[in-house]
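Remarks on the structure that follows.
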Amino acid sequence: MRKANDPSISSTSLPKYLEHLSGDGKAIGVLTSGGDAQGMNAAVRAVVRMGIYVGAKVFFIYEGYQGMVDGGSNIVEATWESVSSILQVGGTIIGSARCQAFRNREGRLKAACNLVRLGITNLCVIGGDGSLTGANIFRKEWNGLLEELAKNGEIDKDAVQKHSYLNVVGMVGSIDNDFCGTDMTIGTDSALHRIIEVVDAIMTTAQSHQRTFVLEVMGRHCGYLALVSALACGADWVFLPESPPEEGWEENMCFKLSENRARKKRLNIIIVAEGAIDTQNKPITSEKIKELVVKQLGFDTRVTILGHVQRGGTPSAFDRILASRMGVEAVLALLEATPETPACVVSLRGNHAVRLPLMECVQMTQDVQKAMDERRFKEAVQLRGRSFEGNLKIYKRLAIRLPDDKITKSNCNVAVINVGAPAAGMNAAVRSAVRVGIADGHRMLAVYDGFDGFAKGNVKEIGWGDVGGWTGQGGSILGTKRTLPGKNLEKIAEQIRSHSINALLIIGGFETCDRIKQSASGTKRRVFIIETMGGYCGYLANMGGLAAGADAAYIFEEPFDIRDLQSNVEHLTKKMKTTIQRGLILRNESCSVNYTTDFIYQLYSEEGKGVFDCRKNVLGHMQQGGAPSPFDRNFGTKISARAMAWINDKLKGSQGTGKKFVSDDSICVLGISKRDLLFQPVTELREKTDFEHRIPKEQWWLKLRPLMKILAKYEASYDVSDAGKLESLRHQQGTSHGEPAAI
């Protein structure tokens, strides 16, 4: 990326760069409050390093608000090295505590005194809605608190003038994903990993003994974990606080479970949020459900309560990246804040970081609970947001099969095919497509072994029960090959005619950085050089680098030469003289013909002699292997259901008209564009695609590349033109017409 002072950039089109913002003379306090969540440490690290990078002082506030009230050794200036090797650590290294003293003015007066004496007038609070509400009250009272302190002689009057206002930015750390305004809160994805790991393990034992398992997951007031877990594992039934089952649910559930057993399904999974209730707001407990199943059906039933295991463990790649992005955005928000700027919360919408008014989000979050208390459950689901509402609709469509006589037949045949390299999430997408298609009255066909199989006639009808249990399977059950259809077009056309195929859903190309788990944190004076997959696309290397705290990531999209390699070696040599004595280098497999992984390994080994030693690792196809992550399962499920809805609309529009699809918009690609799921005609994508290297000409994630460099202590030019816009939550919800891209 070109520097802000590059003479080739005209002054009229000058983007807003990080260099234009300064933290000189500013002091930022960072604290974690309330329940802990995986990824909080990544957020703390990003705040500290970005704050120091822009010239501000950054202070740890240990033990949350309690540490702020107690002061002394609880408020300590942070250094660059003090946040080293914490990305992969769960919980929070600066501690978190509930604080009764901060709830009253006397406690907040002590906290203000402790902060102002250190010149801290910028707070970054990582916690839930209660923690963020407390911060906003503190912000509003700030000037009055300082005046009272001056009156009591605890600070001088100059300090009141100099530190006259407090800036507050919040980041939501909560595994429950219970905060309105953000697609995902820090810790949610990691908690889903813990849940799905347990579900996958339980499913093997449940199948062995034909058992029913009732799993209780966290979510006292929010059913997000339960709902998304149910989607991810294809649970038979789910209980949520926001959407209680209808009257007579006991009989309906038992009928569904017995029906599944009659279809020779060897296990049943029921997922219960800990705050599950019925329509009269009475608790539905996991024990009650077990007793019901045993009494009514006589099934061997077990209860598993996951509890705090959901909070523990290493944060996922998603949470590390999310928290790092949010931490950087929080510092930018503090640098740009004025006395008139309301407290804001940094949020995620699709793949965009946005800022929302804190109290609007808090109010809407409280409105959800009020709606539930007053038994306005439909409204509670809507207030949770479009993503939650969409998840619930899709779960119901995929879990509950209507009798054949209640499905209106469309007389259309829809085929599903996997193409390209196998990728985690493909099977979830196929399951979703098949069941949504059957529910819409279509006859669903499965094409086996990609376009090769299509040409050979490997096409069979696939039913609702045939895709049971597919969501957790890795690879591609249908089989897939990289072969393109070019040489077999006539044979494929003949198969389309002979099977009367009206629409074709092609699933392929999903890639993820979830499986980059290489870590050098257990060694000293060692540099790991890791080669990632991705063809010519550097997404895996770049985002894996951001998630793992890499020192450099070499990618095709950003050309590099021997001088860059030498600069990186010198950087690592300096780093080894500090307390951070390890390094991580990622290399995309096709980033350079000449600067191969072996070349880079040998160069680093030679230049680092006597300072550090090197190890290399080519991750290879392990990146495609294993069970799909919760993100892949749910994204595959949602995007496939959306694709089938589009196909259904197209088929309905052509029925009875004798029309044939010849328009450009009859062949589309579905994917995320900024904040929404978007259908783009293939003809439009021609102009936006580099076909030689099979990558888009513009990649949204390249804007995040400087973040990895900044957090690794390199000088980098970061375009912040998109930052600084405080958006209204209610306005967004009222005017957005796109399909939300979140899971």
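In the structure tokens, each chain is lettered A, B, ... as it comes, each chain's residues begin at 1, and ligands are numbered from 1 in order of appearance.
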
* Who sits within 10 Å of Gly441 in chain A, only C-alpha atoms, same chain under 6 positions skipped, as a ChimeraX atom specification -> /A:404,406-413,435,648

Please produce a file of those selected residues containing N, CA and C atoms, as a compact mmCIF listing (two decimals), in the first residue's frame.
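What ended up in part-v8.txt:
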# COMPACT_ATOMS: atom_id res chain seq x y z
N ASP A 404 -45.84 -35.67 2.83
CA ASP A 404 -45.85 -35.48 1.38
C ASP A 404 -47.15 -34.85 0.87
N LYS A 406 -48.84 -32.63 2.16
CA LYS A 406 -48.93 -31.20 2.48
C LYS A 406 -47.92 -30.37 1.70
N ILE A 407 -47.13 -31.02 0.84
CA ILE A 407 -46.15 -30.31 0.01
C ILE A 407 -46.69 -30.21 -1.41
N THR A 408 -46.78 -29.00 -1.92
CA THR A 408 -47.24 -28.78 -3.29
C THR A 408 -46.09 -29.08 -4.25
N LYS A 409 -46.30 -30.04 -5.15
CA LYS A 409 -45.24 -30.44 -6.06
C LYS A 409 -45.02 -29.38 -7.16
N SER A 410 -43.75 -29.13 -7.46
CA SER A 410 -43.43 -28.11 -8.48
C SER A 410 -43.22 -28.72 -9.86
N ASN A 411 -43.05 -30.08 -9.89
CA ASN A 411 -42.73 -30.78 -11.14
C ASN A 411 -41.40 -30.31 -11.74
N CYS A 412 -40.50 -29.86 -10.88
CA CYS A 412 -39.17 -29.43 -11.32
C CYS A 412 -38.11 -30.33 -10.71
N ASN A 413 -37.06 -30.57 -11.47
CA ASN A 413 -35.92 -31.35 -10.99
C ASN A 413 -34.73 -30.42 -10.77
N ARG A 435 -32.84 -30.60 1.49
CA ARG A 435 -34.05 -30.52 2.33
C ARG A 435 -34.90 -29.29 1.99
N ASN A 648 -35.75 -21.39 -6.48
CA ASN A 648 -37.20 -21.57 -6.39
C ASN A 648 -37.94 -20.40 -7.03

* Near Ala27 in chain A, within 10 Å and counting only C-alpha atoms, which residues show up once chain neighbours fewer than 2 positions away are dropped, as an MDAnalysis selection string? -> chainID A and resid 23:25 29 51:52 55:59 77 115:116 118:123

* Distance of CA of Arg582 in chain A from CA of Tyr595 in chain A, expressed in Å to one decimal place -> 22.2 Å

* Expressed in Å to a single decimal, how great is the separation between CA of Arg401 in chain A and CA of Arg642 in chain A? ->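 CA of Arg642 in chain A lies at a distance of 18.2 Å from CA of Arg401 in chain A.
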
* Option closest in space to Ala46 in chain A, from A:Pro357, A:Gly327, A:Gly127, A:Gly475 [counting only C-alpha atoms] ->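 Counting only C-alpha atoms, the residue closest to Ala46 in chain A is A:Gly327.
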
* Counting only C-alpha atoms, the residue of A:Ile438, A:Ala712, A:Leu445, A:Val83 that sits nearest Gly549 in chain A ->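 Going through A:Ile438, A:Ala712, A:Leu445, A:Val83 one by one, the smallest distance to Gly549 in chain A is for A:Ala712.
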
* Which residues, written as a VMD selection string, have at least one atom at most 9 Å from range 372-384 of chain A, with only C-alpha atoms counted and residues fewer than 4 positions away on the same chain left out? -> chain A and resid 178 to 181 221 to 222 241 to 244 279 to 281 364 to 365 367 to 368 388 to 389 392

Print the selection's residues with C-alpha atoms to a file, as an mmCIF file, in the first residue's frame.
data_model
loop_
_atom_site.group_PDB
_atom_site.id
_atom_site.type_symbol
_atom_site.label_atom_id
_atom_site.label_comp_id
_atom_site.auth_asym_id
_atom_site.auth_seq_id
_atom_site.Cartn_x
_atom_site.Cartn_y
_atom_site.Cartn_z
ATOM 1 C CA ASP A 178 -26.561 -11.693 23.417
ATOM 2 C CA PHE A 179 -25.753 -8.099 22.461
ATOM 3 C CA CYS A 180 -27.887 -6.441 19.788
ATOM 4 C CA GLY A 181 -26.062 -4.612 17.014
ATOM 5 C CA HIS A 221 -31.341 -15.041 28.308
ATOM 6 C CA CYS A 222 -30.194 -15.760 24.746
ATOM 7 C CA PRO A 241 -35.729 -18.616 25.582
ATOM 8 C CA GLU A 242 -36.798 -16.335 22.685
ATOM 9 C CA SER A 243 -38.943 -18.912 20.889
ATOM 10 C CA PRO A 244 -40.702 -21.309 23.281
ATOM 11 C CA THR A 279 -45.052 -20.012 26.500
ATOM 12 C CA GLN A 280 -46.030 -19.318 30.123
ATOM 13 C CA ASN A 281 -42.424 -18.359 31.005
ATOM 14 C CA MET A 364 -32.358 -2.894 22.244
ATOM 15 C CA THR A 365 -30.691 -5.749 24.158
ATOM 16 C CA ASP A 367 -35.922 -4.629 24.947
ATOM 17 C CA VAL A 368 -35.437 -8.285 23.970
ATOM 18 C CA PHE A 388 -31.041 -14.821 14.506
ATOM 19 C CA GLU A 389 -34.477 -14.771 12.883
ATOM 20 C CA LEU A 392 -34.459 -19.989 13.365
#

* Assign secondary structure with DSSP using the backbone only, and return the residues of range 468-642 of chain A in alpha helix (DSSP H) as a ChimeraX atom specification. => /A:489-498,539-548,562-575,597-607,630-642
